[in-house]
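Text of work.tsv (TSV, C-alpha atoms (C1' of nucleotides)) as supplied:
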```tsv
chain	number	residue	atom	x	y	z
A	22	MET	CA	-51.17	176.25	21.76
A	23	ARG	CA	-49.28	174.13	19.22
A	24	LEU	CA	-48.13	171.69	21.86
A	25	PHE	CA	-51.52	171.61	23.55
A	26	LEU	CA	-53.27	170.89	20.26
A	27	GLU	CA	-50.78	168.19	19.34
A	28	ARG	CA	-50.63	166.32	22.64
A	29	GLY	CA	-53.61	167.62	24.57
A	30	PHE	CA	-53.57	169.95	27.56
A	31	GLU	CA	-53.01	167.34	30.23
A	32	GLY	CA	-50.55	165.50	28.00
A	33	THR	CA	-48.27	168.51	27.90
A	34	THR	CA	-46.20	169.59	30.88
A	35	VAL	CA	-45.30	173.15	31.65
A	36	ALA	CA	-41.68	172.07	31.43
A	37	GLU	CA	-42.22	171.11	27.80
A	38	VAL	CA	-43.88	174.41	27.04
A	39	ALA	CA	-40.99	176.18	28.70
A	40	GLU	CA	-38.46	174.22	26.69
A	41	ALA	CA	-40.28	174.93	23.42
A	42	ALA	CA	-40.25	178.62	24.35
A	43	GLU	CA	-36.57	178.34	25.27
A	44	VAL	CA	-37.04	179.55	28.80
A	45	SER	CA	-37.11	177.89	32.19
A	46	SER	CA	-40.33	176.64	33.80
A	47	MET	CA	-39.96	179.32	36.42
A	48	THR	CA	-40.16	182.01	33.78
A	49	VAL	CA	-43.39	180.55	32.42
A	50	PHE	CA	-44.96	180.79	35.86
A	51	ARG	CA	-43.80	184.33	36.26
A	52	HIS	CA	-45.75	185.35	33.17
A	53	PHE	CA	-48.77	183.04	33.57
A	54	PRO	CA	-49.99	182.42	37.10
A	55	THR	CA	-51.28	178.96	36.22
A	56	LYS	CA	-50.95	176.50	33.36
A	57	GLU	CA	-54.57	177.20	32.49
A	58	HIS	CA	-53.81	180.86	31.90
A	59	LEU	CA	-51.69	179.83	28.92
A	60	VAL	CA	-54.95	179.01	27.15
A	61	LEU	CA	-57.57	181.07	28.91
A	62	GLN	CA	-56.78	184.64	28.15
A	63	ASP	CA	-59.29	186.47	26.08
A	64	ASP	CA	-59.13	190.00	24.88
A	65	TYR	CA	-62.81	190.72	24.46
A	66	ASP	CA	-63.52	192.28	27.84
A	67	PRO	CA	-62.45	195.75	26.73
A	68	VAL	CA	-64.29	195.30	23.42
A	69	ILE	CA	-67.56	194.58	25.19
A	70	ALA	CA	-67.03	197.39	27.67
A	71	ASP	CA	-66.40	199.79	24.82
A	72	ARG	CA	-69.57	198.80	22.96
A	73	LEU	CA	-71.52	199.09	26.19
A	74	ARG	CA	-70.55	202.68	26.72
A	75	HIS	CA	-71.80	203.64	23.27
A	76	ARG	CA	-75.34	202.38	23.78
A	77	PRO	CA	-78.34	204.60	24.41
A	78	ALA	CA	-79.12	204.62	28.12
A	79	GLY	CA	-82.84	204.27	27.53
A	80	GLU	CA	-82.76	200.53	26.83
A	81	PRO	CA	-83.08	198.03	29.68
A	82	VAL	CA	-79.75	196.87	31.04
A	83	LEU	CA	-80.25	193.32	29.85
A	84	HIS	CA	-80.80	194.47	26.27
A	85	ARG	CA	-77.79	196.72	26.29
A	86	ILE	CA	-75.50	193.98	27.49
A	87	ALA	CA	-76.89	191.40	25.08
A	88	ALA	CA	-76.56	193.78	22.15
A	89	SER	CA	-72.99	194.64	23.11
A	90	ILE	CA	-71.96	191.01	23.25
A	91	LEU	CA	-73.54	190.43	19.86
A	92	ASP	CA	-71.84	193.49	18.39
A	93	GLY	CA	-68.55	192.45	19.90
A	94	LEU	CA	-68.52	189.38	17.70
A	95	ALA	CA	-67.63	191.68	14.81
A	96	GLU	CA	-64.20	192.09	16.40
A	97	LEU	CA	-63.38	188.41	16.09
A	98	PRO	CA	-60.64	187.59	13.63
A	99	PRO	CA	-62.05	186.57	10.23
A	100	ASP	CA	-60.42	183.14	10.42
A	101	PRO	CA	-62.08	181.36	13.34
A	102	ARG	CA	-59.83	178.30	13.33
A	103	LEU	CA	-57.75	179.34	16.29
A	104	LEU	CA	-60.86	180.29	18.24
A	105	LEU	CA	-62.40	176.96	17.37
A	106	ALA	CA	-59.33	175.03	18.43
A	107	ARG	CA	-59.15	176.92	21.68
A	108	THR	CA	-62.82	176.44	22.41
A	109	ARG	CA	-62.55	172.72	21.71
A	110	LEU	CA	-59.54	172.44	23.95
A	111	ILE	CA	-61.42	174.18	26.74
A	112	LEU	CA	-64.49	172.08	26.14
A	113	TYR	CA	-62.74	168.76	26.44
A	114	THR	CA	-60.34	169.59	29.25
A	115	PRO	CA	-61.93	169.52	32.70
A	116	ALA	CA	-59.30	171.76	34.24
A	117	LEU	CA	-59.95	174.41	31.61
A	118	ARG	CA	-63.69	174.03	31.59
A	119	ALA	CA	-63.69	174.67	35.29
A	120	ARG	CA	-62.02	178.04	34.91
A	121	VAL	CA	-64.63	179.43	32.57
A	122	TRP	CA	-66.76	180.86	35.34
A	123	GLU	CA	-63.76	182.61	36.81
A	124	ASN	CA	-63.26	184.25	33.42
A	125	ASN	CA	-66.89	185.24	33.07
A	126	HIS	CA	-66.83	186.63	36.57
A	127	ALA	CA	-63.97	188.93	35.63
A	128	THR	CA	-65.88	190.08	32.57
A	129	GLN	CA	-68.89	190.74	34.79
A	130	GLN	CA	-66.85	193.13	36.89
A	131	VAL	CA	-65.75	194.95	33.76
A	132	ILE	CA	-69.37	195.29	32.67
A	133	VAL	CA	-70.45	196.58	36.06
A	134	ALA	CA	-67.67	199.14	35.96
A	135	ALA	CA	-68.74	200.23	32.49
A	136	LEU	CA	-72.30	200.99	33.63
A	137	PRO	CA	-71.84	203.13	36.74
A	138	ASP	CA	-75.28	204.75	36.44
A	139	ASP	CA	-77.30	201.55	36.72
A	140	ASP	CA	-78.16	199.41	39.73
A	141	PRO	CA	-75.02	197.30	40.21
A	142	PHE	CA	-76.92	194.22	41.32
A	143	GLU	CA	-79.17	194.31	38.28
A	144	VAL	CA	-76.16	194.78	36.03
A	145	GLN	CA	-74.40	191.88	37.70
A	146	VAL	CA	-77.42	189.64	37.25
A	147	ALA	CA	-77.96	190.63	33.63
A	148	ALA	CA	-74.26	190.30	32.83
A	149	SER	CA	-73.93	186.87	34.40
A	150	ALA	CA	-76.97	185.65	32.47
A	151	CYS	CA	-75.74	187.01	29.13
A	152	LEU	CA	-72.23	185.68	29.61
A	153	ALA	CA	-73.57	182.26	30.54
A	154	VAL	CA	-75.62	182.30	27.37
A	155	ALA	CA	-72.58	183.36	25.37
A	156	THR	CA	-70.55	180.52	26.85
A	157	THR	CA	-73.27	178.02	26.05
A	158	VAL	CA	-73.31	179.32	22.49
A	159	MET	CA	-69.56	178.93	22.12
A	160	VAL	CA	-69.82	175.36	23.33
A	161	ARG	CA	-72.61	174.63	20.89
A	162	TRP	CA	-70.70	176.29	18.08
A	163	ALA	CA	-67.62	174.22	18.81
A	164	GLU	CA	-69.76	171.10	18.81
A	165	THR	CA	-70.82	171.88	15.25
A	166	ASP	CA	-67.10	172.15	14.39
A	167	GLY	CA	-67.59	175.81	13.62
A	168	HIS	CA	-70.00	175.12	10.78
A	169	ALA	CA	-72.85	177.01	12.39
A	170	ASP	CA	-73.06	180.76	11.93
A	171	LEU	CA	-71.77	182.05	15.24
A	172	ARG	CA	-73.49	185.40	15.05
A	173	GLU	CA	-76.82	183.88	14.14
A	174	LEU	CA	-76.55	181.32	16.92
A	175	MET	CA	-75.65	184.02	19.42
A	176	ALA	CA	-78.57	186.21	18.35
A	177	GLU	CA	-80.98	183.33	18.66
A	178	ALA	CA	-79.71	182.36	22.10
A	179	LEU	CA	-79.68	185.88	23.51
A	180	ALA	CA	-83.24	186.30	22.28
A	181	VAL	CA	-84.30	183.51	24.64
A	182	VAL	CA	-83.36	185.79	27.49
A	183	THR	CA	-84.22	189.22	26.11
A	184	ARG	CA	-87.57	188.59	24.54
B	15	MET	CA	-65.76	171.68	56.59
B	16	ARG	CA	-64.66	172.31	60.16
B	17	LEU	CA	-61.01	172.28	59.20
B	18	PHE	CA	-61.61	174.37	56.09
B	19	LEU	CA	-63.53	176.98	58.08
B	20	GLU	CA	-60.87	177.07	60.80
B	21	ARG	CA	-57.77	177.25	58.64
B	22	GLY	CA	-59.10	178.12	55.20
B	23	PHE	CA	-59.28	175.86	52.18
B	24	GLU	CA	-55.74	176.38	50.95
B	25	GLY	CA	-54.42	176.31	54.47
B	26	THR	CA	-55.66	172.79	54.98
B	27	THR	CA	-54.02	169.81	53.32
B	28	VAL	CA	-55.86	166.71	52.26
B	29	ALA	CA	-53.57	164.76	54.57
B	30	GLU	CA	-54.94	166.74	57.51
B	31	VAL	CA	-58.52	166.11	56.46
B	32	ALA	CA	-57.71	162.43	56.13
B	33	GLU	CA	-56.14	162.33	59.56
B	34	ALA	CA	-59.12	164.07	61.13
B	35	ALA	CA	-61.38	161.53	59.47
B	36	GLU	CA	-59.10	158.73	60.65
B	37	VAL	CA	-58.44	157.36	57.20
B	38	SER	CA	-55.51	157.59	54.80
B	39	SER	CA	-55.20	160.29	52.15
B	40	MET	CA	-55.71	157.66	49.51
B	41	THR	CA	-59.14	156.84	50.90
B	42	VAL	CA	-60.16	160.47	50.72
B	43	PHE	CA	-59.28	160.57	47.04
B	44	ARG	CA	-61.21	157.41	46.40
B	45	HIS	CA	-64.38	159.04	47.67
B	46	PHE	CA	-63.79	162.56	46.39
B	47	PRO	CA	-62.07	162.92	43.02
B	48	THR	CA	-60.54	166.27	43.97
B	49	LYS	CA	-60.02	168.31	47.09
B	50	GLU	CA	-62.59	170.76	45.78
B	51	HIS	CA	-65.24	168.08	45.73
B	52	LEU	CA	-65.05	167.94	49.53
B	53	VAL	CA	-66.79	171.32	49.51
B	54	LEU	CA	-68.56	171.49	46.18
B	55	GLN	CA	-71.18	168.82	46.27
B	56	ASP	CA	-74.72	170.04	46.19
B	57	ASP	CA	-77.83	167.99	46.35
B	58	TYR	CA	-80.21	170.34	44.62
B	59	ASP	CA	-79.94	169.00	41.09
B	60	PRO	CA	-82.58	166.31	41.66
B	61	VAL	CA	-84.77	168.79	43.54
B	62	ILE	CA	-84.80	171.18	40.60
B	63	ALA	CA	-85.37	168.38	38.11
B	64	ASP	CA	-88.29	167.14	40.13
B	65	ARG	CA	-89.95	170.55	40.31
B	66	LEU	CA	-89.38	170.98	36.57
B	67	ARG	CA	-91.32	167.87	35.71
B	68	HIS	CA	-94.33	169.08	37.66
B	69	ARG	CA	-94.71	172.32	35.77
B	70	PRO	CA	-97.38	172.97	33.13
B	71	ALA	CA	-95.86	172.56	29.67
B	72	GLY	CA	-97.58	175.66	28.37
B	73	GLU	CA	-95.15	178.13	29.94
B	74	PRO	CA	-92.03	179.23	28.09
B	75	VAL	CA	-88.97	177.16	28.97
B	76	LEU	CA	-87.22	180.07	30.62
B	77	HIS	CA	-90.12	180.68	32.99
B	78	ARG	CA	-90.42	177.04	33.93
B	79	ILE	CA	-86.75	176.78	34.82
B	80	ALA	CA	-86.74	180.05	36.74
B	81	ALA	CA	-89.81	179.07	38.70
B	82	SER	CA	-88.35	175.66	39.53
B	83	ILE	CA	-85.15	177.16	40.87
B	84	LEU	CA	-87.15	179.56	42.98
B	85	ASP	CA	-89.39	176.78	44.28
B	86	GLY	CA	-86.38	174.60	44.99
B	87	LEU	CA	-85.24	177.10	47.61
B	88	ALA	CA	-87.98	175.74	49.84
B	89	GLU	CA	-85.95	172.57	50.18
B	90	LEU	CA	-83.03	174.37	51.77
B	91	PRO	CA	-82.47	173.52	55.42
B	92	PRO	CA	-84.08	176.06	57.75
B	93	ASP	CA	-80.73	176.97	59.30
B	94	PRO	CA	-78.70	178.56	56.54
B	95	ARG	CA	-75.46	178.87	58.49
B	96	LEU	CA	-73.77	175.93	56.86
B	97	LEU	CA	-74.87	177.10	53.41
B	98	LEU	CA	-73.58	180.55	54.21
B	99	ALA	CA	-70.24	179.25	55.41
B	100	ARG	CA	-69.89	177.07	52.35
B	101	THR	CA	-70.83	179.89	49.99
B	102	ARG	CA	-68.34	182.21	51.65
B	103	LEU	CA	-65.63	179.60	51.43
B	104	ILE	CA	-66.33	179.18	47.73
B	105	LEU	CA	-66.48	182.90	47.21
B	106	TYR	CA	-63.10	183.62	48.71
B	107	THR	CA	-61.19	180.61	47.42
B	108	PRO	CA	-60.11	180.92	43.79
B	109	ALA	CA	-59.79	177.18	43.32
B	110	LEU	CA	-63.37	176.68	44.46
B	111	ARG	CA	-64.77	179.67	42.63
B	112	ALA	CA	-63.32	178.29	39.45
B	113	ARG	CA	-65.25	175.04	39.75
B	114	VAL	CA	-68.61	176.69	39.95
B	115	TRP	CA	-69.20	176.63	36.22
B	116	GLU	CA	-68.41	172.96	36.12
B	117	ASN	CA	-71.11	172.45	38.72
B	118	ASN	CA	-73.64	174.56	36.89
B	119	HIS	CA	-72.84	172.73	33.69
B	120	ALA	CA	-73.73	169.42	35.33
B	121	THR	CA	-76.99	170.90	36.56
B	122	GLN	CA	-77.69	172.11	33.03
B	123	GLN	CA	-77.45	168.57	31.74
B	124	VAL	CA	-79.88	167.42	34.39
B	125	ILE	CA	-82.31	170.13	33.35
B	126	VAL	CA	-82.01	169.24	29.68
B	127	ALA	CA	-82.70	165.62	30.51
B	128	ALA	CA	-85.75	166.60	32.55
B	129	LEU	CA	-87.30	168.44	29.60
B	130	PRO	CA	-87.08	165.96	26.73
B	131	ASP	CA	-89.96	167.53	24.78
B	132	ASP	CA	-88.38	170.94	24.37
B	133	ASP	CA	-85.69	172.16	22.01
B	134	PRO	CA	-82.47	171.07	23.77
B	135	PHE	CA	-80.52	174.11	22.69
B	136	GLU	CA	-83.15	176.48	24.00
B	137	VAL	CA	-83.28	174.57	27.27
B	138	GLN	CA	-79.51	174.68	27.55
B	139	VAL	CA	-79.46	178.41	26.95
B	140	ALA	CA	-82.28	179.12	29.39
B	141	ALA	CA	-80.78	176.82	32.02
B	142	SER	CA	-77.31	178.33	31.79
B	143	ALA	CA	-78.78	181.81	32.13
B	144	CYS	CA	-80.92	180.93	35.14
B	145	LEU	CA	-78.13	179.09	36.89
B	146	ALA	CA	-75.75	181.96	36.32
B	147	VAL	CA	-78.32	184.27	37.86
B	148	ALA	CA	-78.76	181.90	40.79
B	149	THR	CA	-75.01	181.81	41.34
B	150	THR	CA	-74.80	185.58	41.25
B	151	VAL	CA	-77.59	185.72	43.81
B	152	MET	CA	-75.81	183.32	46.13
B	153	VAL	CA	-72.69	185.44	45.94
B	154	ARG	CA	-74.65	188.57	46.69
B	155	TRP	CA	-76.44	186.86	49.55
B	156	ALA	CA	-73.16	185.72	51.05
B	157	GLU	CA	-71.84	189.24	50.76
B	158	THR	CA	-74.70	190.46	52.94
B	159	ASP	CA	-73.66	187.80	55.47
B	160	GLY	CA	-76.96	186.03	54.93
B	161	HIS	CA	-78.99	188.96	56.19
B	162	ALA	CA	-80.85	189.43	52.93
B	163	ASP	CA	-83.92	187.34	52.23
B	164	LEU	CA	-82.58	184.75	49.85
B	165	ARG	CA	-85.90	183.95	48.26
B	166	GLU	CA	-86.77	187.55	47.69
B	167	LEU	CA	-83.35	188.26	46.22
B	168	MET	CA	-83.64	185.26	43.93
B	169	ALA	CA	-87.10	186.28	42.74
B	170	GLU	CA	-85.93	189.79	42.02
B	171	ALA	CA	-82.90	188.58	40.09
B	172	LEU	CA	-84.74	185.98	38.04
B	173	ALA	CA	-87.28	188.64	37.13
B	174	VAL	CA	-84.52	190.58	35.36
B	175	VAL	CA	-84.32	187.72	32.91
B	176	THR	CA	-87.91	186.55	32.73
B	177	ARG	CA	-89.76	189.80	32.52
C	20	DC	C1'	-18.66	203.79	35.07
C	21	DC	C1'	-21.78	202.85	38.78
C	22	DC	C1'	-25.93	201.69	40.49
C	23	DA	C1'	-30.64	200.27	40.64
C	24	DT	C1'	-34.02	197.87	38.44
C	25	DT	C1'	-35.70	194.10	36.06
C	26	DG	C1'	-35.77	189.63	34.11
C	27	DT	C1'	-34.08	185.13	34.39
C	28	DG	C1'	-32.10	180.64	36.11
C	29	DT	C1'	-31.27	177.21	39.92
C	30	DT	C1'	-32.40	174.61	43.71
C	31	DA	C1'	-35.08	172.64	46.95
C	32	DG	C1'	-39.28	172.08	48.62
C	33	DT	C1'	-44.79	171.43	49.27
C	34	DC	C1'	-48.87	169.39	47.93
C	35	DA	C1'	-52.55	167.40	44.94
C	36	DC	C1'	-53.15	163.40	42.71
C	37	DT	C1'	-52.12	158.52	40.44
C	38	DA	C1'	-50.68	153.64	39.83
C	39	DA	C1'	-49.52	149.28	41.61
C	40	DC	C1'	-49.69	146.13	44.92
C	41	DA	C1'	-50.44	144.42	49.77
C	42	DA	C1'	-53.43	144.01	53.70
C	43	DT	C1'	-57.85	144.15	55.70
C	44	DT	C1'	-62.60	143.72	56.25
C	45	DG	C1'	-67.15	142.20	55.01
C	46	DT	C1'	-70.20	138.75	52.63
C	47	DT	C1'	-71.84	134.71	50.81
C	48	DA	C1'	-71.75	129.54	50.05
C	49	DC	C1'	-71.17	125.41	51.89
D	11	DG	C1'	-67.34	127.61	61.40
D	12	DT	C1'	-64.84	128.09	57.53
D	13	DA	C1'	-63.46	128.74	52.96
D	14	DA	C1'	-63.88	131.60	48.87
D	15	DC	C1'	-64.83	135.83	47.11
D	16	DA	C1'	-65.58	140.81	46.74
D	17	DA	C1'	-65.09	145.43	48.37
D	18	DT	C1'	-62.61	148.65	50.98
D	19	DT	C1'	-58.53	150.43	52.77
D	20	DG	C1'	-53.49	151.18	53.41
D	21	DT	C1'	-48.58	151.69	51.62
D	22	DT	C1'	-45.20	153.10	48.67
D	23	DA	C1'	-43.26	155.45	45.13
D	24	DG	C1'	-43.90	158.39	41.79
D	25	DT	C1'	-45.42	162.73	38.57
D	26	DG	C1'	-46.27	167.40	37.93
D	27	DA	C1'	-47.99	172.11	39.18
D	28	DC	C1'	-46.51	175.65	41.77
D	29	DT	C1'	-43.65	178.52	45.47
D	30	DA	C1'	-39.73	180.59	47.99
D	31	DA	C1'	-35.06	181.96	48.31
D	32	DC	C1'	-31.07	183.30	46.39
D	33	DA	C1'	-27.65	184.06	42.66
D	34	DC	C1'	-26.74	185.97	38.26
D	35	DA	C1'	-27.07	188.50	34.07
D	36	DA	C1'	-28.89	192.41	31.25
D	37	DT	C1'	-30.61	197.00	30.80
D	38	DG	C1'	-30.97	201.89	31.35
D	39	DG	C1'	-30.22	206.37	33.61
D	40	DG	C1'	-27.24	209.55	36.10
```

Have the structure of the file written as structure tokens, please.
Amino acid sequence: MRLFLERGFEGTTVAEVAEAAEVSSMTVFRHFPTKEHLVLQDDYDPVIADRLRHRPAGEPVLHRIAASILDGLAELPPDPRLLLARTRLILYTPALRARVWENNHATQQVIVAALPDDDPFEVQVAASACLAVATTVMVRWAETDGHADLRELMAEALAVVTR
Amino acid sequence: MRLFLERGFEGTTVAEVAEAAEVSSMTVFRHFPTKEHLVLQDDYDPVIADRLRHRPAGEPVLHRIAASILDGLAELPPDPRLLLARTRLILYTPALRARVWENNHATQQVIVAALPDDDPFEVQVAASACLAVATTVMVRWAETDGHADLRELMAEALAVVTR
DNA sequence: CCCATTGTGTTAGTCACTAACAATTGTTAC
DNA sequence: GTAACAATTGTTAGTGACTAACACAATGGG
């Protein structure tokens, strides 16, 4: 991340990352399948899944997922600078931007697995919509340089879909 | 497309595509910025934008976008085999799957531009949600080998978000 | 102490993609 | 018809992500 922030993602080669980490390039690729994976790992899938399981089953699927995503924000580290830097990096790097859907798709599967009692297609649809909204919010938040209240923004955006 | 369908996307080199088209590799890259672009061009952005502009302004943004996407399906060619093949190719090729968000993001911008009188953030949020739903529907449709009624599926899925 | 497992390095290669320049074709002006 | 110009294409040589194959250490258990 340090190198990427200093020189940009495309301006940094995997060989340089490897050298800075004092390993060979080969070793980097053994731990991260692609260069993009060095940036694009997020740890919030299990958080969301966990929140999902603790929701009353009466609510519509869409509401449960939206609420879980919103609640999950509480797990973010208090200092959002790293998150902001990462989001900006993703936002301005085509190769990274492109992988976002792949990431959301993986999260979708986790959500579907966490709600075995609901119609899988409906869950998939609701999850993809909510995650798209969440992504849009992150982009918007990064565009305000992190000055906007992330939770407030997320609540407002999810309301567009859940109301 | 013929080569990609015969040998798979990763199993076909750009050099082979170039040879089949009787041009040099360089020429291919001058017309298509990446190998993925050979598959991932869709012509429905202007269709959707057009439908959007002919909607009554009274409706909520989300409904207008959803309805336009649904209406836009009418413009699809009557024989869906090519669309099905393309969707399948995208679905099973990680490199292509990854680019989907990039595509949807471009469509989002088109939608925002087509609705200059509405709150851009709300439009962005609604558009990203609807497009994510549409993508999920295409995936599902491809998984049924095109046997499902695409329009019906799309209507059902969009209803999850608009109801 | 031996052996199997695991992690790592090395090398050589493929392939997407770029930059620079040369060759070709098409188009317009005269 | 031809000269001047622009647009398109080809060629070459390169960079960099990523893979496959094999050799070499380190670790840990019997």

Quiz item: Out of A:Val35, A:Ile69, A:Leu26, A:Ala116, which residue has the shortest atom-to-atom distance to chain D when counting all atoms listed in the file?
Solution: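 Under the stated criterion, the closest residue is A:Val35.
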
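Nearest residue to chain A among B:Leu90, B:Leu52, B:Leu84, B:Val75 is B:Val75, counting only C-alpha atoms.
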
Quiz item: Any idea what's packed within 12 Å of Gly32 (chain A), counting all atoms listed in the file, ignoring anything in its chain fewer than 6 positions away? Could you give it as a ChimeraX atom specification?
Solution: /A:24-26,38,114 /D:26

Quiz item: Do you know which residues are at most 12 Å from DT12 (chain D) counting all atoms listed in the file, after dropping those on the same chain fewer than 6 positions away, and could you put them as a list of chain:residue names?
Solution: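 The residues satisfying every condition are C:DT47, C:DA48, C:DC49.
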
Self-check item: Best match for closeness to chain A among B:Arg95, B:Arg21, B:His161, B:Arg111, counting all atoms listed in the file
Solution: B:Arg111

Edge lengths and centre, in Å to one decimal, as lines of an AutoDock Vina configuration file: that's what I need for the box along x, y and z that holds all listed atoms of region 14-31 of chain D plus 5 Å on each side.
```
center_x = -50.3
center_y = 156.8
center_z = 45.7
size_x = 40.5
size_y = 60.4
size_z = 25.5
```

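For chain D, the residues within 9 Å of chain B are DT18, DT19 and DG20 of chain D, with only C-alpha atoms (C1' of nucleotides) used to measure distance.
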
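With only C-alpha atoms (C1' of nucleotides) taken into account, the protein and nucleic acid residues at most 12 Å from DC20 (chain C) (excluding it and anything under 2 positions from it in its own chain) are DC22 of chain C; DG39 and DG40 of chain D.
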
Let's have the selection written as a PDB file, keeping the file's coordinate frame, with C-alpha atoms (C1' of nucleotides).
```
ATOM      1  C1'  DC C  22     -25.930 201.690  40.490  1.00  0.00           C
TER       2       DC C  22
ATOM      3  C1'  DG D  39     -30.220 206.370  33.610  1.00  0.00           C
ATOM      4  C1'  DG D  40     -27.240 209.550  36.100  1.00  0.00           C
TER       5       DG D  40
END
```

For DT37 (chain C), please output as a PDB file with C-alpha atoms (C1' of nucleotides), keeping the file's coordinate frame all residues within 10 Å (counting all atoms listed in the file; exclusion window: fewer than 6 positions along the same chain).
```pdb
ATOM      1  CA  MET B  40     -55.710 157.660  49.510  1.00  0.00           C
ATOM      2  CA  PHE B  43     -59.280 160.570  47.040  1.00  0.00           C
TER       3      PHE B  43
ATOM      4  C1'  DG D  24     -43.900 158.390  41.790  1.00  0.00           C
ATOM      5  C1'  DT D  25     -45.420 162.730  38.570  1.00  0.00           C
TER       6       DT D  25
END
```

Quiz item: When you draw a straight line from CA of Thr121 (chain B) to CA of Leu171 (chain A), how long is it in Å?
Solution: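 Taking CA of Thr121 (chain B) as the start and CA of Leu171 (chain A) as the end point, the length is 24.6 Å.
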
Quiz item: How far is it from CA of Glu31 (chain A) to CA of Leu110 (chain A), in Å with one decimal?
Solution: 10.4 Å

Select from chain B every residue with an atom at most 6 Å from any atom of chain A, then for each give the shortest pair of atoms and their distance in Å to one decimal, using all atoms listed in the file, rows by chain and rising number, as JSON lines.
```
{"residue": "B:Ala112", "atom": "CA", "partner": "A:Arg120", "partner_atom": "CA", "distance": 4.7}
{"residue": "B:Arg113", "atom": "CA", "partner": "A:Ala119", "partner_atom": "CA", "distance": 4.7}
{"residue": "B:Trp115", "atom": "CA", "partner": "A:Trp122", "partner_atom": "CA", "distance": 5.0}
{"residue": "B:Glu116", "atom": "CA", "partner": "A:Ala119", "partner_atom": "CA", "distance": 5.1}
{"residue": "B:Val139", "atom": "CA", "partner": "A:Val154", "partner_atom": "CA", "distance": 5.5}
{"residue": "B:Ser142", "atom": "CA", "partner": "A:Ala153", "partner_atom": "CA", "distance": 5.6}
{"residue": "B:Ala143", "atom": "CA", "partner": "A:Ala150", "partner_atom": "CA", "distance": 4.3}
{"residue": "B:Ala146", "atom": "CA", "partner": "A:Ala150", "partner_atom": "CA", "distance": 5.5}
{"residue": "B:Val147", "atom": "CA", "partner": "A:Val146", "partner_atom": "CA", "distance": 5.5}
{"residue": "B:Val175", "atom": "CA", "partner": "A:Val182", "partner_atom": "CA", "distance": 5.8}
```

Practice problem: Output the contact residues of chain C with respect to chain A at a cut-off of 12 Å, based on all atoms listed in the file, as number ranges by chain. | Solution: C: 26-30

Self-check item: Shell around Val68 (chain A) at 9 Å using all atoms listed in the file, local window under 6 positions removed, as an MDAnalysis selection string
Solution: chainID A and resid 89:90 93 96

Quiz item: By how many Å are CA of Met152 (chain B) and CA of Ala99 (chain B) apart?
Solution: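 That distance, rounded to one decimal, is 11.6 Å.
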
Quiz item: Taking (-38.9, 176.8, 50.4) in the file's coordinates as the center, which residues reach within 12 Å of it, counting all atoms listed in the file, put as a PyMOL selection string?
Solution: (chain C and resi 30-33) or (chain D and resi 28-32)

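Among A:Arg23, A:Arg107, A:His58, A:His75, the residue with the shortest atom-to-atom distance to Ala88 (chain A), counting all atoms listed in the file, is A:His75.
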
Please complete region 87-97 of chain A with N, CA and C atoms and give it back as a CSV table (one decimal), in the frame of the given file.
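Writing the result to selection-v3.csv gives the following:
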```csv
chain,number,residue,atom,x,y,z
A,87,ALA,N,-76.7,192.4,26.1
A,87,ALA,CA,-76.9,191.4,25.1
A,87,ALA,C,-76.5,192.0,23.7
A,88,ALA,N,-76.9,193.2,23.4
A,88,ALA,CA,-76.6,193.8,22.2
A,88,ALA,C,-75.1,194.0,22.0
A,89,SER,N,-74.4,194.4,23.1
A,89,SER,CA,-73.0,194.6,23.1
A,89,SER,C,-72.2,193.4,22.8
A,90,ILE,N,-72.6,192.3,23.5
A,90,ILE,CA,-72.0,191.0,23.2
A,90,ILE,C,-72.1,190.6,21.8
A,91,LEU,N,-73.3,190.8,21.3
A,91,LEU,CA,-73.5,190.4,19.9
A,91,LEU,C,-72.7,191.3,18.9
A,92,ASP,N,-72.7,192.6,19.2
A,92,ASP,CA,-71.8,193.5,18.4
A,92,ASP,C,-70.4,193.1,18.5
A,93,GLY,N,-70.0,192.7,19.7
A,93,GLY,CA,-68.6,192.4,19.9
A,93,GLY,C,-68.0,191.3,19.0
A,94,LEU,N,-68.9,190.5,18.6
A,94,LEU,CA,-68.5,189.4,17.7
A,94,LEU,C,-67.9,189.9,16.4
A,95,ALA,N,-68.2,191.1,16.0
A,95,ALA,CA,-67.6,191.7,14.8
A,95,ALA,C,-66.1,191.8,14.9
A,96,GLU,N,-65.6,191.9,16.2
A,96,GLU,CA,-64.2,192.1,16.4
A,96,GLU,C,-63.4,190.8,16.3
A,97,LEU,N,-64.1,189.7,16.2
A,97,LEU,CA,-63.4,188.4,16.1
A,97,LEU,C,-62.6,188.4,14.8
```
